[in-house]
Amino acid sequence: MARSKIRKSSGASVVSGQRVTLNPKLARRSFLKLSAATAALTGAAMTTKLTGKAVAAEKKEAYIGSKKVRTICTYCSVGCGIEAEVHNGVWVRQEIAQDHPVSLGGHCCKGAGAIDMVVSEKRLKTPMKRVNGKWTSISWDTAIDEIGAKLLDLREKDGPDSLHFNGSAKVSNEMAYLHRKFAAFWGTNNVDHQARICHSTTVAGVANTWGYGAMTNSLNDIRHAKSLFFIGSNAAEAHPVGMQHILHAKEVNNAPIIVVDPRFTKLAAKGTDYVRIRPGTDVSFVMGLINAIITNGWEDKEFIRTRVAGYEEMVKVASHYTPEAVEDVTGIPAAEVTRVAHIMANNRPSTVIWCMGGTQHSIGSSMTRAFCILQLVLGNMGKSGGGTNIFRGHDNVQGATDMCILSHSLPAYYGLSDGAWKHWCRVWDVDYDWMVGRFPAKEWMNKKGFTLARWYEGVLGEVEIESPSPIKAMIQWGCGSNSNSQYNRVVKALNMLELLVIVDPFPTIASAVTKTDNVYILPCSSQYETSGSVTSTSRQIQWRYKVVDPVYDSKDDYQIMELLVKKLGFADKFYKKIKQVPEDITLELGSGSLTIGYNGQTPERIKKHMDNWHTFDIDDLQAKGGPCDGEYFGMPWPCWTTEHPGTPILYDVSKSVADGGLPFRNRFGLEKTYDASGRTENQLAAEGVYNPGSEVKGGYPEFKDVVPGTNWKTDLTQKTLKEAIARGMAPFGNARARCVVWNFPDQVPIHREPLHTPRPDLIPKYPTYEDKPNHYRVHTRYKSEQSPDLAKEYPYVITTGRVVEHMGGGAETRSNKYLAELQPEMYVEINPRLANNIGIRKGDMVIIESPEGAKIKVKAKITKRVDDKTIFLPFHFAGTLMGESYEKDYPDGSAPYALGDPANTVTNYGYDIVTQMQATKDGLCKVTRA
Amino acid sequence: MARMKFLCDVERCIDCGGCVVACKEGHHVPVGVNRRRVITLKEGEPGEKSISVSCMHCADAPCIAVCPVDAIYQRADGIVLVSKKTCIGCGYCFMACPFGAPQFPSGNVFGRRGAMDKCTFCAGGPEETFSKEEKNLYGQNRIAEGKPPLCAGMCATKALLAGDADVVADVYRERVFQRGSGVNAWGWNKAYKKK
Amino acid sequence: MQRGILSVFLLTIILVAGLGVEASAQEGLAISGLSAGSSADYYQMMIDLVSGHWQKYGQLFTTLQGQWFGKLFLAVIIAIPAIFLLHYLIIGAKHFGHDGEQIYFFTLLNRIVHVFAAISFTLLVVTGLLTIFGSVFGGGTFIRTARTVHLVSAMVFVFPCFLMFIMWFKDMLPRMYDISWMFMLGGYLSKEKKPVPAGKFNGGQKGYFWFATLGGAVMAYTGFIIWGFGADLDTIRLYTIIHNFLGAAIVAFYLTHVYMSVFAIAGSLESMKTGYKSKDEVDILHSRYDYN
């Protein structure tokens with residue numbers, strides 16, 4: 001009967017302005033074609049043979065004369081492709097970018113709404129200044145004049161270190177590079193960005209193990225994994241599009257997915273094994289795994305003999321982590337430790353993946369090293385399907401880290417030594433002595449600056465700081481402030497600044513929590529309104545083409561930087577080698593970033609890869625034919641020369657260096673006598689370990705003096721690099737990965753209880769460090785902070801994390817009406833048992849209080865995701881506090897759709913001993929009904 | 001004759017909401033109207049599964065049967081569409097639909113329901129193809145352009161399949177086959193494997 | 001038809017997830033690989049979750065609305081007028097002398113209330129029928145307006161309905177002689193003017209009264225809930241079913257009432273205008289009414 005109501009569709013369509021009525025037969029044929037095409041598209045992920053175009057012939061256009069612009073999503077580091085359809089200068093819609101070799105057209109909810117970055121009504125429209133407590137529109141000229149005058153005045157009075165510059169992982173590589181360069185030219189090391197509180201402990205721990213601190217393989221390479229070990233990563237929410245490769249490994253290779261997390265996450269729902277761990281005890285568990293592997297004889301003996309250093313010393317430490325000891329510390333049953341070790345040993349290569357759950361701890365830099373050692377012991381390094389796949393967060397946090405918007409290094413990890421400064425002065429073509437003169441004194445050039453994690457201590461003056469000047473002004477460029485732990489103290493500091501400049505497309509919470517005048521907002525365009533290169537988590541460099549011109553009265557990053565630099569009076573030196581923006585910047589940063597091989601990826605090459613997405617094989621990311629034949633997608637760094645294909649898998653000795661192979665990097669000398677054992681060991685790789693075609697058939701040191709007085713890192717002519725490649729060798733030498741990092745406080749990773757621990761009984765056995773003065777200019781408490789009594793009053797562990805709908809501080813995503821609709825309010829996850837014990841029901845408002853005395857009021861979500869000792873908070877919200885709304889304090893009409901109490905108000909004190917990473921994943925709190 | 005269908009592979013859906021926003025952003029669907037949504041069962045527990053749901057473009061569609069004004073009709077390719085100009089917003093289709101697909105933006109008189117809105121399989125509506133009117137009322141007409149629906153095209157993990165029923169079935173069949181003997185089934189290793 | 005209903009229900013499984021079953025059936029080995037529940041199972045669970053117990057009233061509603069309600073109303077609006085037409089032709093209207101003694105039958109308040117009730121009720125019936133047969137009129141603005149008028153009329157009708165209930169409550173209470181009135185069908189099948197057993201209101205009027213007031217209340221309440229989707233889906237389905245059945249009954253009564261007052265008893269309409277009925281008429285049709 002329903003069938004009798006079937007009616008023909010109108011069947012009318014417009015073909016080049018002429019109305020044509022399709023007859024049913026014709027329509028049927030085109031549907032047939034289309035349907036085959038759609039299915040081909042949807043099946044592409046599973047069956048590589050079906051990568052055909054979805055768009056069948058005979059297509060008609062909805063927007064006649066529109067053009068398609070390829071660009072890269074600005075949310076996370078997966079680096080999904082976006083095809084923007086532009087009609088008469090307006091971005092009209094997003095098309096499916098099915099040719100992109102990583103995302104294959106996929107998007108999460110954020111990327112699917114990428115267009116909202118440009119069309120959102122919440123975008124800032126003009127420069128603004130707070131006058132007598134009210135936001136007032138001003139012109140660009142006035143804004144730059146006033147900001148510049150104030151900065152120069154402060155420089156005169158208090159010196160350059162009175163400014164702190166928080167740069168961004170949301171800008172292009174070129175802009176990130178300019179951020180760091182700006183700080184250098186201004187004469188301060190007070191420059192930092194989100195990587196400090198994201199993967200700084202990873203970079204430190206991993207680079208100190210084998211040379212580079214980045215993800216070793218790629219998202220696509222996970223397709224070859226035989227088992228996957230996730231620890232402190234919730235990829236299903238944080239890297240959703242990467243999940244297609246993960247699920248491919250699960251489905252096609254039958255690879256077990258082991259998820260180690262305090263929460264039963266959405267990723268755990270897709271896993272095969274879930275291990276609930278007590279927050280902050282990752283080292284104990286992983287060292288326990290290593291111990292179980294070794295005691296059962298499952299280690300890769302040959303790999304260890306030839307490519308690993310400090311193994312014996314490490315084994316000795318690991319032997320303390322028996323399954324029973326691990327059970328006591330982590331809460332994971334002893335049998336489970338052995339079982340997980342067995343799964344990984346039986347399913348090689350296995351890949352280890354971690355995110356913020358493995359980094360944001362006071363011992364974060366030990367945790368990341370423990371993960372690396374696990375892979376060394378299993379012999380999974382330098383192999384397809386293996387590696388440490390460290391998923392980064394922001395879309396360009398890998399690139400911004402590589403460009404070192406960091407207070408402890410110049411671009412490309414050169415550090416702050418005199419040699420590093422001289423190298424970069426040569427690249428910039430400025431006089432080294434002039435550069436020295438920009439600083440208060442030469443010694444401050446070599447000393448680390450304040451970090452993003454604790455810059456506010458430089459304002460507040462409540463703890464001992466060692467700096468030539470307190471911080472009085474700050475530039476917050478593409479950086480939300482509510483990602484900082486102890487956020488209430490950040491707010492206090494923001495209100496004490498003499499000058500605060502916020503550069504962002506959307507008003508960050510910093511604009512609403514400040515009540516003072518002398519706060520400026522400069523409306524920056526989104527990354528879709530400018531161009532430049534971005535580095536994805538897989539080290540691939542992609543070109544973000546400009547989709548549309550900056551909307552409203554906003555300017556793109558480059559324009560704003562130029563205005564500022566001109567006003568501050570060093571434009572001639574700053575832009576000496578830069579004529580065409582951004583391509584000249586790409587070339588300049590490449591010419592100096594030799595350590596990490598950013599020199600081979602010229603703008604032309606990067607754009608060529610963007611234009612030929614479809615020629616790359618999604619299984620190994622190598623172009624099969626076409627203009628990029630033989631190259632790996634995005635030329636993953638290091639890409640040593642303009643002919644080099646990029647390095648898809650780091651430390652892979654099965655390929656020649658010229659084809660993207662590499663050994664471990666020789667970075668830590670030729671031999672070492674260990675403190676613990678007195679044993680002396682050669683740090684170079686053993687005989688027989690070399691890349692095909694290598695002149696030396698074993699370990700060798702890094703290249704130097706090819707051009708006298710220089711080494712591979714400082715030879716700007718790049719002759720050294722070319723010679724090394726020609727001889728089949730890696731410019732950085734061929735060494736062993738080390739298990740003992742003698743420049744760290746813990747030479748071999750050991751467990752130390754979090755500063756605020758729910759297990760005070762474990763403090764005597766696993767105490768934290770001694771207090772550390774002058775830790776990035778700030779006195780940092782460890783031992784004096786670790787009180788056994790704290791857990792009595794603050795019994796629950798607080799941990800934070802991502803939700804898929806939002807990103808970072810949430811200024812962008814909470815301003816997207818659809819994302820705000822999907823995830824509209826702040827909440828706390830509480831286990832039903834805990835909720836019943838403390839009298840909380842679903843939807844009740846609860847108060848969370850930190851040991852520092854800060855409080856938030858949020859809605860209770862009762863769920864079994866967390867256990868009854870832990871609560872979870874998403875950290876994206878801001879805009880209210882304890883029932884008070886800051887909506888009125890945003891510039892008119894620009895407050896985000898979704899507001900909530902910032903989780904980081906109640907995250908605890910605690911910082912990593914090496915990098916000052918904030919410890920937001922293992923604090924304590926009190927929970928009461930509001 | 002091609003028969004359009006959706007299929008959501010529950011083993012792959014990760015509840016990322018990509019399909020939901022792709023649809024809303026692509027068709028400018030008002031906030032509060034969900035042509036597609038993701039439902040999660042057993043959240044936070046072993047066995048948690050998510051499914052993306054929208055109008056399924058049923059074969060013998062109950063909504064068509066109950067519509068008092070015959071506003072809903074089915075095209076020859078199986079796509080079920082509504083004429084918003086004919087629809088009176090009575091809500092009977094919502095009562096008949098097993099998937100909760102029909103949506104009703106609030107109208108302007110006495111809280112009257114506006115015309116029913118639902119997934120169009122990205123095939124627009126009865127108005128002239130690519131006309132302004134069609135775009136305003138129903139969003140894009142991607143099928144007429146020879147393009148797949150946005151939700152399935154943008155699915156992060158390729159959980160959501162859309163297209164000709166036979167081809168969709170083939171893709172799914174291949175996956176089921178590849179998934180093999182159940183070693184990777186949740187908890188099996190733990191529960192059934194001997195030490 | 002039963003098969004049709006069944007297929008409507010089963011298509012939820014067959015349609016999508018059924019593919020998996022199909023796949024499994026063809027590849028016997030692979031079927032065990034579909035580990036933690038098939039798509040079919042999950043769709044079934046999800047259906048329960050999203051749309052409540054589809055099996056409880058959803059199927060019933062779909063069947064009734066899809067196939068029966070339209071026919072039911074069509075039968076009512078064709079059959080009842082047809083019967084009355086026959087009645088009119090064969091038996092004809094009853095005529096009473098209007099020149100004789102007049103009895104003050106309806107007070108002014110009675111009449112005002114009745115006018116309001118009559119107008120709003122008529123609108124309700126007409127717009128309700130328009131909605132039910134919306135497809136005949138092509139839906140769209142016309143029927144949308146009819147629905148709005150239906151709502152407004154309902155809100156208006158509630159007041160006179162309530163007042164009628166109060167003012168005629170006592171007179172409308174059933175009596176024994178109403179039963180005999182029923183048995184003789186109010187004497188309408190006879191051309192004779194023989195006193196029929198009825199008080200101020202006869203059995204038919206009483207039945208109509210109770211249907212219109214109590215039934216009207218039920219109609220108003222269910223309608224209100226349906227309008228605003230103010231309950232869970234399954235309740236709404238049940239209410240819609242009730243609203244339609246009750247509606248059909250009320251329409252039947254309404255048509256009868258209209259026929260009686262306009263055609264069957266010549267001049268009967270006058271009494272609602274003036275308030276007076278002829279003594280002649282009252283003595284015959286309301287023989288038990290004590291107007292003294």
# chains A, B, ... in the order shown; residues from 1 in each chain; ligands from 1
call {"tool": "select_by_dssp", "arguments": {"residues": "range 87-289 of chain C", "states": "alpha helix (DSSP H)", "output": "PyMOL selection string"}}
result
chain C and resi 87-90+108-132+134-137+140-172+176-183+203-210+216-228+233-258+268-274+279-285
call {"tool": "interface_residues", "arguments": {"of": "chain B", "to": "chain A", "cutoff": "7 Å", "atoms": "only C-alpha atoms", "output": "ChimeraX atom specification"}}
result
/B:1-2,14,16-22,25-26,31,44-48,60-61,64-65,73-76,126-130,144-148,152-158,161-164,167-168,171,178-179,183-187
call {"tool": "residues_around", "arguments": {"residues": "Gln103 in chain B", "least_positions_apart": "6", "cutoff": "8 Å", "atoms": "only C-alpha atoms", "output": "ChimeraX atom specification"}}
result
/B:33-35,94,116-118
call {"tool": "closest_residue", "arguments": {"among": "C:Val113, C:Ala249, C:Leu72, C:Ile226", "to": "chain B", "atoms": "only C-alpha atoms"}}
result
C:Ile226
call {"tool": "residues_around", "arguments": {"residues": "range 885-899 of chain A", "least_positions_apart": "5", "cutoff": "10 Å", "atoms": "only C-alpha atoms", "output": "VMD selection string"}}
result
chain A and resid 120 to 125 128 to 130 133 to 137 506 to 515 521 810 to 821 823 to 826 876 to 880
call {"tool": "atom_distance", "arguments": {"atom1": "CA of Met403 in chain A", "atom2": "CA of Gly597 in chain A"}}
result
12.0 Å
call {"tool": "residues_around", "arguments": {"residues": "range 705-717 of chain A", "least_positions_apart": "5", "cutoff": "12 Å", "atoms": "only C-alpha atoms", "output": "PyMOL selection string"}}
result
chain A and resi 412-414+419-429+588-599+640-641+667+722-725+730-733
call {"tool": "atom_distance", "arguments": {"atom1": "CA of Val203 in chain A", "atom2": "CA of Thr216 in chain A"}}
result
11.7 Å
